[in-house]
Amino acid sequence: MPAKNHLSQEQREKLSNGATISTASATGTIIHNDLALATIQLPFPIKLFTKLSQSGSFYNFQIVGNYAYLATETGGLEIRDISDPTNPIVKGRWNYNISSGSVTSGSVYKVQVIGNYAYAASGRGLEIIDISNPTAPTLKGNYNTSGTAWNVQIVGNYAYAASNRGLEIIDISDPSNPKSKGSYPSGYVSDVQVVGKYAYASSGRGLEIIDISDPSNPKSKGSYPSGYVSDVQVVGNIGVTDINETVANLSISPSNVTQTEGNSGNKPFTFTVTRTGNTTGTNSVNWKVTSSGTNFADANDFGGTLPSGTLTFAPNKLTETITINVTGDTSIEPNETFTVTLSSPTNGATITTTSATGTITNDDLPVNVLPTITLAVSPSSVQEDGTTN
């Protein structure tokens with residue numbers, strides 16, 4: 001209803017068209033959205049019973065009954081009796097020579113125990129260990145993942161292994177003869193969790209979701225490219241990952257290794273690659289030897305082929321070594337040089353010192369060359385009558 005403007009002073013007026021008010025008021029509620037601080041009190045005190053010690057690192061463990069199964073850096077799989085928590089004792093070790101202390105396999109990074117078997121992700125791939133007798137565990141079967149296996153999860157008749165090559169699915173229905181069922185070559189994968197028909201893998205590229213409904217043909221379902229991810233845990237519709245934005249830095253030293261080659265056999269030239277920054281995950285780096293300098297070493301100085309290879313840093317490992325064997329000979333030649341170069345680091349690592357030099361010094365002498373002899377005579381001359389000059 002329009003109202004007309006005018007200049008007359010008047011009281012407040014009300015307009016009505018016979019309407020009535022049935023609900024005259026309303027209430028507004030302010031919802032409290034502040035976080036209340038609560039004190040959480042444990043129903044019982046936490047007590048430290050004992051500490052487990054070992055020469056290397058413990059990467060992972062699982063407790064089943066009275067036994068703790070430990071994945072170790074230098075001791076392989078170690079089984080400890082924890083029936084007395086204050087005094088855990090070593091019950092058995094697998095692939096570990098107790099008398100000499102020598103390790104015959106690589107490190108074990110993850111272990112999962114099911115029934116009489118321990119499934120170990122190790123430097124040699126997936127290894128299935130019979131633990132029916134904890135004092136004498138034995139190897140039942142193994143599958144070479146063509147690189148280190150960092151983690152494994154067992155679901156039914158399949159082992160899902162996180163390895164340097166990606167996700168590998170292994171048929172373990174016959175523990176003595178595990179076989180490849182399928183693979184998803186995503187590059188380095190450090191952790192995997194299987195939920196239903198999906199495998200959630202943490203990789204150097206981020207979180208990857210892989211459809212494993214057909215184990216022989218796993219396919220990408222989706223990914224979250226966050227960079228290097230070391231761990232993954234899936235709860236309901238939420239995936240929690242460990243993203244470390246600090247990268248690893250790799251450097252080679254010393255700048256020059258100088259020594260003779262010897263006359264036979266091999267003489268090792270050793271270089272150290274050091275990792276700093278983020279060392280919690282795994283990094284690999286390629287290396288190769290090239291001829292360099294005016295007088296350069298060639299393939300013959302290394303047994304016929306210029307050496308090359310790959311270094312892999314396990315979690316928390318700070319240094320690895322490159323050993324280059326130089327072939328000894330008796331050939332006379334000038335001092336020769338070669339260069340060792342790092343390249344292609346994985347999982348976001350950077351190379352701060354890329355190369356180092358090796359110098360092979362000559363230690364060979366000419367054959368059948370008469371030495372020079374200098375004779376000093378005093379007096380240098382005499383007279384015929386025998387008197388000296």
# chains A, B, ... in the order shown; residues from 1 in each chain; ligands from 1
>>> residues_around(residues="range 66-77 of chain A", least_positions_apart="2", cutoff="6 Å", atoms="only C-alpha atoms", output="ChimeraX atom specification")
/A:56-64,79-83,93-94,107-110
>>> atom_distance(atom1="CA of Gly92 in chain A", atom2="CA of Leu139 in chain A")
13.1 Å
>>> residues_around(residues="range 334-346 of chain A", least_positions_apart="4", cutoff="9 Å", atoms="only C-alpha atoms", output="ChimeraX atom specification")
/A:188,204,250-252,260,271,282-298,308,350-351,353-362
>>> closest_residue(among="A:Ser203, A:Pro185, A:Asp171, A:Glu320", to="Ser216 in chain A", atoms="only C-alpha atoms")
A:Asp171
>>> atom_distance(atom1="CA of Val257 in chain A", atom2="CA of Thr270 in chain A")
7.5 Å
>>> atom_distance(atom1="CA of Ser173 in chain A", atom2="CA of Ile210 in chain A")
22.1 Å
>>> select_by_dssp(residues="range 29-217 of chain A", states="strand (DSSP E or B)", output="ChimeraX atom specification")
/A:58-64,67-72,77-81,89-94,96,103,108-114,117-122,125-130,138-143,149-155,158-163,166-171,179-184,189-195,198-203,206-211
>>> residues_around(residues="Gly328 in chain A", least_positions_apart="2", cutoff="8 Å", atoms="only C-alpha atoms", output="list in words")
Glu261, Gly262, Asn263, Ser264, Gly265, Asn266, Lys267, Asp301, Val326 and Thr330 of chain A
>>> write_last_selection(atoms="C-alpha atoms", output="PDB file, in the first residue's frame")
ATOM      1  CA  GLU A 261      96.150 -49.471  -8.507  1.00  0.00           C
ATOM      2  CA  GLY A 262      98.602 -52.244  -7.566  1.00  0.00           C
ATOM      3  CA  ASN A 263     100.086 -54.808  -9.930  1.00  0.00           C
ATOM      4  CA  SER A 264      97.293 -57.398  -9.747  1.00  0.00           C
ATOM      5  CA  GLY A 265      93.821 -57.997  -8.364  1.00  0.00           C
ATOM      6  CA  ASN A 266      91.547 -55.073  -7.526  1.00  0.00           C
ATOM      7  CA  LYS A 267      92.133 -51.922  -5.505  1.00  0.00           C
ATOM      8  CA  ASP A 301      91.016 -49.998 -15.741  1.00  0.00           C
ATOM      9  CA  VAL A 326      90.246 -50.604 -10.075  1.00  0.00           C
ATOM     10  CA  THR A 330     102.133 -53.596 -14.544  1.00  0.00           C
TER      11      THR A 330
END
>>> closest_residue(among="A:Phe302, A:Phe313, A:Tyr143, A:Tyr117", to="Pro268 in chain A", atoms="only C-alpha atoms")
A:Phe302
>>> residues_around(residues="range 176-178 of chain A", least_positions_apart="3", cutoff="7 Å", atoms="only C-alpha atoms", output="list in words")
Lys140, Gly141, Asn142, Tyr143, Ile170, Asp171 and Ile172 of chain A
>>> write_last_selection(atoms="N, CA and C atoms", output="JSON list (two decimals), in the first residue's frame")
[["chain", "number", "residue", "atom", "x", "y", "z"],
["A", 140, "LYS", "N", 60.19, -70.53, 4.57],
["A", 140, "LYS", "CA", 59.23, -71.40, 3.88],
["A", 140, "LYS", "C", 59.20, -71.09, 2.39],
["A", 141, "GLY", "N", 59.24, -69.83, 2.04],
["A", 141, "GLY", "CA", 59.23, -69.42, 0.64],
["A", 141, "GLY", "C", 59.56, -67.95, 0.52],
["A", 142, "ASN", "N", 59.91, -67.52, -0.67],
["A", 142, "ASN", "CA", 60.21, -66.10, -0.86],
["A", 142, "ASN", "C", 59.88, -65.68, -2.28],
["A", 143, "TYR", "N", 59.64, -64.38, -2.43],
["A", 143, "TYR", "CA", 59.34, -63.80, -3.74],
["A", 143, "TYR", "C", 60.19, -62.56, -3.90],
["A", 170, "ILE", "N", 50.93, -60.61, -4.63],
["A", 170, "ILE", "CA", 51.58, -61.91, -4.66],
["A", 170, "ILE", "C", 50.61, -62.97, -4.15],
["A", 171, "ASP", "N", 50.47, -64.04, -4.90],
["A", 171, "ASP", "CA", 49.62, -65.16, -4.51],
["A", 171, "ASP", "C", 50.39, -66.03, -3.52],
["A", 172, "ILE", "N", 49.89, -66.11, -2.28],
["A", 172, "ILE", "CA", 50.57, -66.87, -1.23],
["A", 172, "ILE", "C", 49.75, -68.08, -0.80]]
